[in-house]
$ cat query31.txt   # compact mmCIF, N, CA and C atoms
# COMPACT_ATOMS: atom_id res chain seq x y z
N MET A 181 -190.44 57.75 -244.23
CA MET A 181 -191.36 56.63 -244.39
C MET A 181 -190.57 55.34 -244.64
N THR A 182 -190.93 54.31 -243.92
CA THR A 182 -190.25 53.03 -244.07
C THR A 182 -190.53 52.45 -245.46
N GLN A 183 -189.50 51.92 -246.04
CA GLN A 183 -189.57 51.40 -247.41
C GLN A 183 -188.82 50.08 -247.46
N ARG A 184 -189.25 49.21 -248.35
CA ARG A 184 -188.55 47.94 -248.57
C ARG A 184 -187.83 47.96 -249.91
N THR A 185 -186.71 47.28 -249.94
CA THR A 185 -185.97 47.11 -251.18
C THR A 185 -185.48 45.67 -251.24
N PHE A 186 -184.99 45.30 -252.40
CA PHE A 186 -184.49 43.95 -252.63
C PHE A 186 -183.01 44.02 -252.94
N SER A 187 -182.27 43.01 -252.48
CA SER A 187 -180.84 42.96 -252.75
C SER A 187 -180.39 41.52 -252.92
N ILE A 188 -179.30 41.36 -253.64
CA ILE A 188 -178.65 40.05 -253.80
C ILE A 188 -177.17 40.22 -253.49
N ILE A 189 -176.65 39.35 -252.64
CA ILE A 189 -175.19 39.21 -252.54
C ILE A 189 -174.84 38.19 -253.62
N LYS A 190 -174.11 38.65 -254.62
CA LYS A 190 -173.88 37.87 -255.83
C LYS A 190 -172.87 36.72 -255.63
N PRO A 191 -172.87 35.77 -256.58
CA PRO A 191 -172.02 34.58 -256.44
C PRO A 191 -170.53 34.88 -256.25
N ASP A 192 -170.01 35.95 -256.86
CA ASP A 192 -168.58 36.25 -256.70
C ASP A 192 -168.26 36.59 -255.25
N ALA A 193 -169.11 37.37 -254.60
CA ALA A 193 -168.87 37.75 -253.21
C ALA A 193 -169.05 36.57 -252.27
N VAL A 194 -170.01 35.70 -252.56
CA VAL A 194 -170.21 34.50 -251.74
C VAL A 194 -168.99 33.59 -251.86
N ARG A 195 -168.53 33.38 -253.11
CA ARG A 195 -167.36 32.54 -253.36
C ARG A 195 -166.12 33.04 -252.61
N LYS A 196 -165.96 34.35 -252.55
CA LYS A 196 -164.78 34.95 -251.92
C LYS A 196 -164.90 35.07 -250.39
N GLY A 197 -166.05 34.67 -249.84
CA GLY A 197 -166.24 34.71 -248.40
C GLY A 197 -166.59 36.08 -247.84
N TYR A 198 -167.20 36.94 -248.65
CA TYR A 198 -167.51 38.31 -248.23
C TYR A 198 -168.93 38.48 -247.68
N THR A 199 -169.72 37.42 -247.64
CA THR A 199 -171.12 37.55 -247.24
C THR A 199 -171.28 38.21 -245.88
N GLY A 200 -170.57 37.72 -244.88
CA GLY A 200 -170.69 38.27 -243.53
C GLY A 200 -170.31 39.74 -243.46
N ALA A 201 -169.24 40.10 -244.14
CA ALA A 201 -168.79 41.49 -244.13
C ALA A 201 -169.80 42.40 -244.84
N ILE A 202 -170.38 41.93 -245.93
CA ILE A 202 -171.39 42.72 -246.63
C ILE A 202 -172.64 42.88 -245.78
N LEU A 203 -173.07 41.80 -245.14
CA LEU A 203 -174.24 41.89 -244.24
C LEU A 203 -173.96 42.87 -243.10
N ALA A 204 -172.75 42.86 -242.58
CA ALA A 204 -172.38 43.79 -241.51
C ALA A 204 -172.49 45.24 -241.99
N GLU A 205 -172.04 45.51 -243.22
CA GLU A 205 -172.14 46.87 -243.78
C GLU A 205 -173.61 47.28 -243.93
N ILE A 206 -174.44 46.35 -244.37
CA ILE A 206 -175.86 46.63 -244.56
C ILE A 206 -176.51 46.96 -243.21
N GLU A 207 -176.23 46.15 -242.20
CA GLU A 207 -176.81 46.39 -240.88
C GLU A 207 -176.26 47.67 -240.25
N LYS A 208 -174.97 47.91 -240.42
CA LYS A 208 -174.35 49.13 -239.89
C LYS A 208 -174.99 50.38 -240.48
N ALA A 209 -175.47 50.28 -241.71
CA ALA A 209 -176.13 51.40 -242.38
C ALA A 209 -177.59 51.57 -241.95
N GLY A 210 -178.04 50.74 -241.03
CA GLY A 210 -179.37 50.90 -240.47
C GLY A 210 -180.48 50.11 -241.13
N PHE A 211 -180.14 49.20 -242.02
CA PHE A 211 -181.15 48.37 -242.66
C PHE A 211 -181.57 47.24 -241.73
N LYS A 212 -182.87 46.95 -241.75
CA LYS A 212 -183.41 45.76 -241.08
C LYS A 212 -183.50 44.69 -242.16
N ILE A 213 -183.00 43.50 -241.86
CA ILE A 213 -183.13 42.38 -242.80
C ILE A 213 -184.48 41.72 -242.52
N VAL A 214 -185.43 41.95 -243.41
CA VAL A 214 -186.78 41.41 -243.26
C VAL A 214 -186.78 39.92 -243.55
N SER A 215 -186.08 39.52 -244.60
CA SER A 215 -185.98 38.12 -244.98
C SER A 215 -184.69 37.92 -245.76
N ILE A 216 -184.09 36.75 -245.57
CA ILE A 216 -182.85 36.42 -246.28
C ILE A 216 -182.83 34.91 -246.52
N LYS A 217 -182.35 34.52 -247.70
CA LYS A 217 -182.19 33.09 -247.96
C LYS A 217 -181.04 32.87 -248.93
N LYS A 218 -180.34 31.80 -248.68
CA LYS A 218 -179.26 31.38 -249.57
C LYS A 218 -179.88 30.48 -250.63
N ALA A 219 -179.49 30.69 -251.87
CA ALA A 219 -180.06 29.91 -252.96
C ALA A 219 -179.04 29.73 -254.07
N SER A 220 -179.25 28.70 -254.84
CA SER A 220 -178.57 28.53 -256.12
C SER A 220 -179.68 28.60 -257.16
N ILE A 221 -179.56 29.52 -258.09
CA ILE A 221 -180.64 29.72 -259.05
C ILE A 221 -180.24 29.14 -260.41
N SER A 222 -181.25 28.77 -261.17
CA SER A 222 -181.00 28.25 -262.52
C SER A 222 -180.82 29.42 -263.49
N LYS A 223 -180.27 29.11 -264.63
CA LYS A 223 -180.11 30.14 -265.66
C LYS A 223 -181.48 30.66 -266.10
N GLU A 224 -182.47 29.78 -266.15
CA GLU A 224 -183.83 30.19 -266.53
C GLU A 224 -184.42 31.15 -265.50
N GLN A 225 -184.18 30.90 -264.20
CA GLN A 225 -184.65 31.83 -263.17
C GLN A 225 -183.96 33.19 -263.32
N ALA A 226 -182.66 33.16 -263.61
CA ALA A 226 -181.92 34.41 -263.81
C ALA A 226 -182.48 35.16 -265.02
N LYS A 227 -182.80 34.45 -266.09
CA LYS A 227 -183.36 35.10 -267.28
C LYS A 227 -184.71 35.75 -266.96
N GLY A 228 -185.53 35.10 -266.17
CA GLY A 228 -186.81 35.68 -265.78
C GLY A 228 -186.63 36.92 -264.92
N PHE A 229 -185.67 36.86 -264.02
CA PHE A 229 -185.41 37.99 -263.12
C PHE A 229 -184.86 39.19 -263.88
N TYR A 230 -183.95 38.96 -264.80
CA TYR A 230 -183.30 40.03 -265.55
C TYR A 230 -183.94 40.28 -266.93
N TYR A 231 -185.20 39.90 -267.09
CA TYR A 231 -185.87 39.99 -268.39
C TYR A 231 -185.77 41.38 -269.02
N VAL A 232 -185.71 42.43 -268.20
CA VAL A 232 -185.65 43.80 -268.75
C VAL A 232 -184.36 44.03 -269.55
N HIS A 233 -183.36 43.19 -269.33
CA HIS A 233 -182.09 43.32 -270.04
C HIS A 233 -181.95 42.33 -271.20
N ALA A 234 -183.03 41.65 -271.56
CA ALA A 234 -182.96 40.55 -272.53
C ALA A 234 -182.35 40.95 -273.87
N GLN A 235 -182.52 42.19 -274.29
CA GLN A 235 -182.00 42.62 -275.59
C GLN A 235 -180.59 43.21 -275.50
N ARG A 236 -180.05 43.28 -274.31
CA ARG A 236 -178.72 43.87 -274.14
C ARG A 236 -177.64 42.82 -274.39
N PRO A 237 -176.47 43.25 -274.86
CA PRO A 237 -175.42 42.29 -275.22
C PRO A 237 -174.87 41.50 -274.04
N PHE A 238 -175.00 42.01 -272.83
CA PHE A 238 -174.45 41.33 -271.66
C PHE A 238 -175.42 40.33 -271.01
N PHE A 239 -176.64 40.22 -271.55
CA PHE A 239 -177.69 39.42 -270.91
C PHE A 239 -177.29 37.97 -270.65
N GLU A 240 -176.82 37.28 -271.67
CA GLU A 240 -176.45 35.86 -271.52
C GLU A 240 -175.34 35.68 -270.49
N ASP A 241 -174.30 36.51 -270.56
CA ASP A 241 -173.20 36.42 -269.61
C ASP A 241 -173.68 36.70 -268.19
N LEU A 242 -174.56 37.68 -268.04
CA LEU A 242 -175.10 38.01 -266.73
C LEU A 242 -175.87 36.83 -266.14
N CYS A 243 -176.72 36.22 -266.94
CA CYS A 243 -177.52 35.09 -266.47
C CYS A 243 -176.66 33.87 -266.15
N THR A 244 -175.63 33.64 -266.95
CA THR A 244 -174.69 32.56 -266.66
C THR A 244 -173.96 32.82 -265.35
N PHE A 245 -173.49 34.05 -265.17
CA PHE A 245 -172.79 34.43 -263.93
C PHE A 245 -173.69 34.28 -262.71
N MET A 246 -174.91 34.80 -262.79
CA MET A 246 -175.80 34.77 -261.62
C MET A 246 -176.22 33.36 -261.25
N SER A 247 -176.15 32.43 -262.18
CA SER A 247 -176.49 31.04 -261.90
C SER A 247 -175.24 30.18 -261.66
N SER A 248 -174.09 30.83 -261.47
CA SER A 248 -172.81 30.10 -261.36
C SER A 248 -172.50 29.58 -259.96
N GLY A 249 -173.28 29.96 -258.97
CA GLY A 249 -173.02 29.49 -257.61
C GLY A 249 -174.01 30.10 -256.64
N PRO A 250 -173.91 29.71 -255.38
CA PRO A 250 -174.85 30.22 -254.38
C PRO A 250 -174.80 31.74 -254.26
N LEU A 251 -175.95 32.29 -253.90
CA LEU A 251 -176.07 33.72 -253.65
C LEU A 251 -177.04 33.91 -252.49
N PHE A 252 -177.15 35.15 -252.01
CA PHE A 252 -178.08 35.45 -250.93
C PHE A 252 -179.10 36.46 -251.43
N LEU A 253 -180.36 36.10 -251.31
CA LEU A 253 -181.48 36.94 -251.70
C LEU A 253 -182.02 37.61 -250.43
N MET A 254 -182.26 38.92 -250.47
CA MET A 254 -182.64 39.63 -249.25
C MET A 254 -183.73 40.67 -249.52
N VAL A 255 -184.58 40.84 -248.53
CA VAL A 255 -185.51 41.96 -248.47
C VAL A 255 -185.05 42.82 -247.30
N LEU A 256 -184.80 44.09 -247.60
CA LEU A 256 -184.28 45.02 -246.60
C LEU A 256 -185.28 46.14 -246.38
N GLU A 257 -185.24 46.72 -245.17
CA GLU A 257 -186.20 47.76 -244.84
C GLU A 257 -185.55 48.87 -244.04
N LYS A 258 -185.91 50.09 -244.34
CA LYS A 258 -185.55 51.27 -243.56
C LYS A 258 -186.17 52.48 -244.25
N ASP A 259 -186.09 53.63 -243.63
CA ASP A 259 -186.52 54.85 -244.30
C ASP A 259 -185.61 55.07 -245.51
N ASN A 260 -186.20 55.40 -246.66
CA ASN A 260 -185.43 55.70 -247.87
C ASN A 260 -184.55 54.52 -248.31
N ALA A 261 -185.05 53.31 -248.14
CA ALA A 261 -184.25 52.10 -248.35
C ALA A 261 -183.65 51.99 -249.75
N ILE A 262 -184.43 52.29 -250.78
CA ILE A 262 -183.94 52.08 -252.15
C ILE A 262 -182.75 52.98 -252.45
N ALA A 263 -182.91 54.26 -252.23
CA ALA A 263 -181.81 55.21 -252.50
C ALA A 263 -180.62 54.97 -251.58
N ASP A 264 -180.89 54.70 -250.30
CA ASP A 264 -179.79 54.49 -249.35
C ASP A 264 -178.98 53.24 -249.70
N LEU A 265 -179.65 52.17 -250.14
CA LEU A 265 -178.90 50.97 -250.52
C LEU A 265 -178.06 51.24 -251.76
N ARG A 266 -178.61 51.96 -252.71
CA ARG A 266 -177.85 52.25 -253.93
C ARG A 266 -176.61 53.08 -253.60
N THR A 267 -176.73 54.01 -252.67
CA THR A 267 -175.56 54.78 -252.23
C THR A 267 -174.55 53.87 -251.54
N LEU A 268 -175.02 53.00 -250.66
CA LEU A 268 -174.14 52.08 -249.94
C LEU A 268 -173.43 51.12 -250.89
N MET A 269 -174.12 50.67 -251.95
CA MET A 269 -173.51 49.75 -252.91
C MET A 269 -172.38 50.42 -253.68
N GLY A 270 -172.58 51.65 -254.11
CA GLY A 270 -171.59 52.33 -254.94
C GLY A 270 -171.84 52.09 -256.42
N ALA A 271 -171.03 52.71 -257.24
CA ALA A 271 -171.17 52.63 -258.70
C ALA A 271 -171.08 51.18 -259.19
N THR A 272 -171.80 50.90 -260.27
CA THR A 272 -171.80 49.55 -260.86
C THR A 272 -170.38 49.09 -261.16
N ASN A 273 -169.57 49.97 -261.71
CA ASN A 273 -168.16 49.67 -261.96
C ASN A 273 -167.38 49.99 -260.68
N PRO A 274 -166.83 48.98 -260.02
CA PRO A 274 -166.14 49.24 -258.75
C PRO A 274 -164.97 50.22 -258.88
N ALA A 275 -164.41 50.34 -260.08
CA ALA A 275 -163.32 51.30 -260.29
C ALA A 275 -163.80 52.74 -260.11
N ASN A 276 -165.11 52.96 -260.31
CA ASN A 276 -165.70 54.29 -260.17
C ASN A 276 -166.42 54.48 -258.84
N ALA A 277 -166.46 53.46 -258.02
CA ALA A 277 -167.20 53.52 -256.76
C ALA A 277 -166.44 54.34 -255.71
N GLU A 278 -167.19 55.02 -254.87
CA GLU A 278 -166.58 55.83 -253.81
C GLU A 278 -166.00 54.93 -252.73
N GLU A 279 -164.98 55.44 -252.06
CA GLU A 279 -164.37 54.73 -250.93
C GLU A 279 -165.45 54.43 -249.90
N GLY A 280 -165.36 53.25 -249.29
CA GLY A 280 -166.29 52.87 -248.24
C GLY A 280 -167.55 52.18 -248.74
N THR A 281 -167.80 52.21 -250.05
CA THR A 281 -168.98 51.52 -250.57
C THR A 281 -168.70 50.02 -250.67
N ILE A 282 -169.77 49.26 -250.73
CA ILE A 282 -169.63 47.80 -250.82
C ILE A 282 -168.86 47.40 -252.07
N ARG A 283 -169.18 48.01 -253.19
CA ARG A 283 -168.50 47.62 -254.43
C ARG A 283 -167.03 48.03 -254.42
N LYS A 284 -166.70 49.14 -253.82
CA LYS A 284 -165.29 49.54 -253.74
C LYS A 284 -164.51 48.54 -252.90
N GLN A 285 -165.14 48.05 -251.83
CA GLN A 285 -164.46 47.13 -250.91
C GLN A 285 -164.43 45.68 -251.40
N PHE A 286 -165.51 45.23 -252.07
CA PHE A 286 -165.66 43.79 -252.30
C PHE A 286 -165.82 43.36 -253.75
N ALA A 287 -165.96 44.28 -254.69
CA ALA A 287 -166.21 43.90 -256.08
C ALA A 287 -164.92 43.84 -256.89
N GLY A 288 -164.94 42.99 -257.92
CA GLY A 288 -163.76 42.83 -258.75
C GLY A 288 -163.89 43.40 -260.15
N SER A 289 -165.14 43.55 -260.64
CA SER A 289 -165.35 44.03 -262.00
C SER A 289 -166.78 44.52 -262.16
N ILE A 290 -167.10 45.03 -263.33
CA ILE A 290 -168.47 45.48 -263.57
C ILE A 290 -169.45 44.33 -263.41
N GLN A 291 -169.13 43.16 -263.94
CA GLN A 291 -170.03 42.01 -263.81
C GLN A 291 -169.95 41.42 -262.41
N GLU A 292 -168.76 41.15 -261.94
CA GLU A 292 -168.59 40.56 -260.60
C GLU A 292 -168.50 41.70 -259.59
N ASN A 293 -169.66 42.36 -259.40
CA ASN A 293 -169.66 43.56 -258.57
C ASN A 293 -170.33 43.39 -257.21
N ALA A 294 -170.36 42.16 -256.73
CA ALA A 294 -170.67 41.79 -255.35
C ALA A 294 -172.14 41.88 -254.93
N ILE A 295 -172.87 42.88 -255.40
CA ILE A 295 -174.21 43.12 -254.86
C ILE A 295 -175.14 43.72 -255.91
N HIS A 296 -176.40 43.37 -255.77
CA HIS A 296 -177.47 43.95 -256.60
C HIS A 296 -178.44 44.65 -255.66
N GLY A 297 -179.01 45.75 -256.11
CA GLY A 297 -180.07 46.42 -255.36
C GLY A 297 -181.09 47.00 -256.31
N SER A 298 -182.34 46.98 -255.90
CA SER A 298 -183.42 47.53 -256.71
C SER A 298 -183.16 49.00 -257.03
N ASP A 299 -183.60 49.43 -258.22
CA ASP A 299 -183.36 50.82 -258.65
C ASP A 299 -184.59 51.71 -258.53
N GLY A 300 -185.71 51.17 -258.07
CA GLY A 300 -186.91 51.97 -257.91
C GLY A 300 -188.00 51.18 -257.21
N GLU A 301 -189.09 51.84 -256.87
CA GLU A 301 -190.17 51.17 -256.13
C GLU A 301 -190.83 50.06 -256.94
N ASP A 302 -191.10 50.30 -258.21
CA ASP A 302 -191.72 49.27 -259.05
C ASP A 302 -190.79 48.06 -259.20
N THR A 303 -189.52 48.34 -259.41
CA THR A 303 -188.53 47.27 -259.54
C THR A 303 -188.45 46.47 -258.25
N ALA A 304 -188.40 47.16 -257.11
CA ALA A 304 -188.33 46.48 -255.81
C ALA A 304 -189.53 45.57 -255.61
N ALA A 305 -190.72 46.05 -255.95
CA ALA A 305 -191.93 45.23 -255.80
C ALA A 305 -191.85 43.98 -256.66
N PHE A 306 -191.42 44.13 -257.92
CA PHE A 306 -191.28 42.97 -258.79
C PHE A 306 -190.24 42.00 -258.24
N GLU A 307 -189.06 42.51 -257.86
CA GLU A 307 -187.95 41.66 -257.43
C GLU A 307 -188.28 40.93 -256.13
N ILE A 308 -188.90 41.61 -255.19
CA ILE A 308 -189.29 40.95 -253.94
C ILE A 308 -190.29 39.83 -254.25
N GLY A 309 -191.29 40.14 -255.05
CA GLY A 309 -192.30 39.14 -255.40
C GLY A 309 -191.77 37.97 -256.21
N TYR A 310 -190.71 38.21 -256.97
CA TYR A 310 -190.11 37.15 -257.80
C TYR A 310 -189.48 36.07 -256.93
N TRP A 311 -188.85 36.47 -255.82
CA TRP A 311 -188.08 35.54 -255.01
C TRP A 311 -188.71 35.17 -253.66
N PHE A 312 -189.67 35.95 -253.19
CA PHE A 312 -190.22 35.73 -251.85
C PHE A 312 -191.75 35.64 -251.87
N ALA A 313 -192.28 34.63 -251.17
CA ALA A 313 -193.71 34.54 -250.95
C ALA A 313 -194.08 35.48 -249.81
N GLY A 314 -195.31 35.95 -249.83
CA GLY A 314 -195.76 36.88 -248.79
C GLY A 314 -195.51 36.39 -247.37
N CYS A 315 -195.67 35.10 -247.13
CA CYS A 315 -195.49 34.56 -245.79
C CYS A 315 -194.02 34.60 -245.34
N GLU A 316 -193.10 34.84 -246.24
CA GLU A 316 -191.68 34.94 -245.90
C GLU A 316 -191.29 36.37 -245.48
N LEU A 317 -192.23 37.29 -245.56
CA LEU A 317 -191.92 38.71 -245.33
C LEU A 317 -192.54 39.21 -244.04
N ILE A 318 -192.24 38.55 -242.99
CA ILE A 318 -192.81 38.90 -241.67
C ILE A 318 -192.02 40.03 -241.04
$ encode --input "query31.txt" --output "structure tokens"
Amino acid sequence: MTQRTFSIIKPDAVRKGYTGAILAEIEKAGFKIVSIKKASISKEQAKGFYYVHAQRPFFEDLCTFMSSGPLFLMVLEKDNAIADLRTLMGATNPANAEEGTIRKQFAGSIQENAIHGSDGEDTAAFEIGYWFAGCELI
């Protein structure tokens, strides 16, 4: 069954010029890019997006990092999209990521780990709706 998920190419990967290579990996894995936009987000937008982590010690640093430069917001689609993207991304800590994953190839640290992907259907629905209007999801 076709499923949609949400992803972000994070500011560290954009800064390092990895956007094209990451998009190529995503497309090579069979994902359709439903919508994509480059944006610079405010710290307040990052706080709203990552609200589930508000009580965690890394929250402020995460929001500062995510608002530190341009990023790419994407809606992706394919069968089993959520699980398949998480496999393609690799472990949150790139040191633990499998060879060939996006994080193994392009990430520098746990925080600067190149890419974000939704972890479940409810999360994907919230994240897509947070950044994209319905008319942008053709």
$ residues_around --input "query31.txt" --residues "Thr185 in chain A" --least-positions-apart "2" --cutoff "7 Å" --atoms "only N, CA and C atoms" --output "count of residues only"
14
$ residues_around --input "query31.txt" --residues "Leu253 in chain A" --least-positions-apart "2" --cutoff "7 Å" --atoms "only N, CA and C atoms" --output "ChimeraX atom specification"
/A:186-189,215-219,251,255
$ write_last_selection --input "query31.txt" --atoms "N, CA and C atoms" --output "compact mmCIF listing (two decimals), in the frame of the given file"
# COMPACT_ATOMS: atom_id res chain seq x y z
N PHE A 186 -184.99 45.30 -252.40
CA PHE A 186 -184.49 43.95 -252.63
C PHE A 186 -183.01 44.02 -252.94
N SER A 187 -182.27 43.01 -252.48
CA SER A 187 -180.84 42.96 -252.75
C SER A 187 -180.39 41.52 -252.92
N ILE A 188 -179.30 41.36 -253.64
CA ILE A 188 -178.65 40.05 -253.80
C ILE A 188 -177.17 40.22 -253.49
N ILE A 189 -176.65 39.35 -252.64
CA ILE A 189 -175.19 39.21 -252.54
C ILE A 189 -174.84 38.19 -253.62
N SER A 215 -186.08 39.52 -244.60
CA SER A 215 -185.98 38.12 -244.98
C SER A 215 -184.69 37.92 -245.76
N ILE A 216 -184.09 36.75 -245.57
CA ILE A 216 -182.85 36.42 -246.28
C ILE A 216 -182.83 34.91 -246.52
N LYS A 217 -182.35 34.52 -247.70
CA LYS A 217 -182.19 33.09 -247.96
C LYS A 217 -181.04 32.87 -248.93
N LYS A 218 -180.34 31.80 -248.68
CA LYS A 218 -179.26 31.38 -249.57
C LYS A 218 -179.88 30.48 -250.63
N ALA A 219 -179.49 30.69 -251.87
CA ALA A 219 -180.06 29.91 -252.96
C ALA A 219 -179.04 29.73 -254.07
N LEU A 251 -175.95 32.29 -253.90
CA LEU A 251 -176.07 33.72 -253.65
C LEU A 251 -177.04 33.91 -252.49
N VAL A 255 -184.58 40.84 -248.53
CA VAL A 255 -185.51 41.96 -248.47
C VAL A 255 -185.05 42.82 -247.30
$ select_by_dssp --input "query31.txt" --residues "range 211-249 of chain A" --states "strand (DSSP E)" --output "PyMOL selection string"
chain A and resi 212-219
$ closest_residue --input "query31.txt" --among "A:Ala275, A:Ala294, A:Pro191, A:Thr281" --to "Ser247 in chain A" --atoms "all atoms listed in the file"
A:Pro191
$ closest_residue --input "query31.txt" --among "A:Gln235, A:Ser248, A:Asn273, A:Thr267" --to "Lys190 in chain A" --atoms "only C-alpha atoms"
A:Ser248
$ atom_distance --input "query31.txt" --atom1 "CA of Arg184 in chain A" --atom2 "CA of Leu242 in chain A"
24.7 Å
$ atom_distance --input "query31.txt" --atom1 "atom N of Ile202 in chain A" --atom2 "atom N of His233 in chain A"
26.8 Å
$ select_by_dssp --input "query31.txt" --residues "chain A" --states "alpha helix (DSSP H)" --output "MDAnalysis selection string"
chainID A and resid 191:195 199:208 223:229 239:246 261:269 282:286 301:311
$ closest_residue --input "query31.txt" --among "A:Asp264, A:Met181, A:Pro237, A:Glu205" --to "Gln285 in chain A" --atoms "only C-alpha atoms"
A:Glu205
$ residues_around --input "query31.txt" --residues "Tyr231 in chain A" --least-positions-apart "6" --cutoff "10 Å" --atoms "only C-alpha atoms" --output "list in words"
Gln225, Phe239 and Cys243 of chain A
$ atom_distance --input "query31.txt" --atom1 "CA of Trp311 in chain A" --atom2 "atom N of Val232 in chain A"
15.1 Å
$ closest_residue --input "query31.txt" --among "A:Thr303, A:Glu240, A:Ile295, A:Ile213" --to "Glu316 in chain A" --atoms "only C-alpha atoms"
A:Ile213
$ closest_residue --input "query31.txt" --among "A:Thr272, A:Val214, A:Ser220, A:Thr182" --to "Ile318 in chain A" --atoms "all atoms listed in the file"
A:Val214
$ closest_residue --input "query31.txt" --among "A:Ala226, A:His296, A:Gly309, A:Leu203" --to "Leu265 in chain A" --atoms "all atoms listed in the file"
A:His296
$ axis_aligned_box --input "query31.txt" --around "range 271-288 of chain A" --padding-each-side "4 Å" --output "AutoDock Vina command-line options"
--center_x -167.6 --center_y 49.3 --center_z -255.1 --size_x 16.5 --size_y 21.0 --size_z 21.7
$ decode --input "query31.txt" --residues "range 195-216 of chain A" --atoms "N, CA and C atoms" --output "mmCIF file, in the first residue's frame"
data_model
loop_
_atom_site.group_PDB
_atom_site.id
_atom_site.type_symbol
_atom_site.label_atom_id
_atom_site.label_comp_id
_atom_site.auth_asym_id
_atom_site.auth_seq_id
_atom_site.Cartn_x
_atom_site.Cartn_y
_atom_site.Cartn_z
ATOM 1 N N ARG A 195 24.658 22.662 4.010
ATOM 2 C CA ARG A 195 25.893 23.453 4.081
ATOM 3 C C ARG A 195 27.058 22.749 3.384
ATOM 4 N N LYS A 196 27.133 21.434 3.541
ATOM 5 C CA LYS A 196 28.246 20.659 2.979
ATOM 6 C C LYS A 196 28.045 20.297 1.504
ATOM 7 N N GLY A 197 26.905 20.686 0.931
ATOM 8 C CA GLY A 197 26.654 20.422 -0.480
ATOM 9 C C GLY A 197 26.187 19.010 -0.795
ATOM 10 N N TYR A 198 25.562 18.337 0.168
ATOM 11 C CA TYR A 198 25.139 16.946 -0.008
ATOM 12 C C TYR A 198 23.695 16.790 -0.481
ATOM 13 N N THR A 199 22.970 17.880 -0.666
ATOM 14 C CA THR A 199 21.550 17.791 -1.002
ATOM 15 C C THR A 199 21.296 16.924 -2.227
ATOM 16 N N GLY A 200 21.987 17.191 -3.316
ATOM 17 C CA GLY A 200 21.777 16.437 -4.552
ATOM 18 C C GLY A 200 22.057 14.957 -4.382
ATOM 19 N N ALA A 201 23.123 14.630 -3.690
ATOM 20 C CA ALA A 201 23.482 13.228 -3.479
ATOM 21 C C ALA A 201 22.449 12.521 -2.598
ATOM 22 N N ILE A 202 21.941 13.209 -1.584
ATOM 23 C CA ILE A 202 20.917 12.617 -0.725
ATOM 24 C C ILE A 202 19.620 12.411 -1.507
ATOM 25 N N LEU A 203 19.236 13.399 -2.304
ATOM 26 C CA LEU A 203 18.033 13.246 -3.134
ATOM 27 C C LEU A 203 18.194 12.078 -4.108
ATOM 28 N N ALA A 204 19.385 11.917 -4.653
ATOM 29 C CA ALA A 204 19.643 10.794 -5.565
ATOM 30 C C ALA A 204 19.462 9.462 -4.852
ATOM 31 N N GLU A 205 19.936 9.358 -3.604
ATOM 32 C CA GLU A 205 19.771 8.126 -2.820
ATOM 33 C C GLU A 205 18.287 7.846 -2.562
ATOM 34 N N ILE A 206 17.545 8.896 -2.259
ATOM 35 C CA ILE A 206 16.114 8.755 -1.983
ATOM 36 C C ILE A 206 15.392 8.259 -3.239
ATOM 37 N N GLU A 207 15.679 8.862 -4.377
ATOM 38 C CA GLU A 207 15.024 8.452 -5.621
ATOM 39 C C GLU A 207 15.470 7.056 -6.047
ATOM 40 N N LYS A 208 16.745 6.750 -5.872
ATOM 41 C CA LYS A 208 17.261 5.423 -6.217
ATOM 42 C C LYS A 208 16.561 4.334 -5.403
ATOM 43 N N ALA A 209 16.139 4.669 -4.191
ATOM 44 C CA ALA A 209 15.443 3.721 -3.323
ATOM 45 C C ALA A 209 13.960 3.596 -3.675
ATOM 46 N N GLY A 210 13.526 4.288 -4.711
ATOM 47 C CA GLY A 210 12.158 4.131 -5.188
ATOM 48 C C GLY A 210 11.136 5.104 -4.642
ATOM 49 N N PHE A 211 11.575 6.119 -3.926
ATOM 50 C CA PHE A 211 10.645 7.111 -3.403
ATOM 51 C C PHE A 211 10.259 8.105 -4.490
ATOM 52 N N LYS A 212 8.989 8.484 -4.481
ATOM 53 C CA LYS A 212 8.500 9.581 -5.319
ATOM 54 C C LYS A 212 8.521 10.823 -4.439
ATOM 55 N N ILE A 213 9.091 11.900 -4.940
ATOM 56 C CA ILE A 213 9.073 13.166 -4.200
ATOM 57 C C ILE A 213 7.762 13.866 -4.547
ATOM 58 N N VAL A 214 6.833 13.861 -3.597
ATOM 59 C CA VAL A 214 5.517 14.460 -3.796
ATOM 60 C C VAL A 214 5.627 15.978 -3.760
ATOM 61 N N SER A 215 6.400 16.489 -2.814
ATOM 62 C CA SER A 215 6.609 17.923 -2.674
ATOM 63 C C SER A 215 7.941 18.154 -1.973
ATOM 64 N N ILE A 216 8.607 19.229 -2.377
ATOM 65 C CA ILE A 216 9.895 19.584 -1.770
ATOM 66 C C ILE A 216 10.023 21.107 -1.786
#
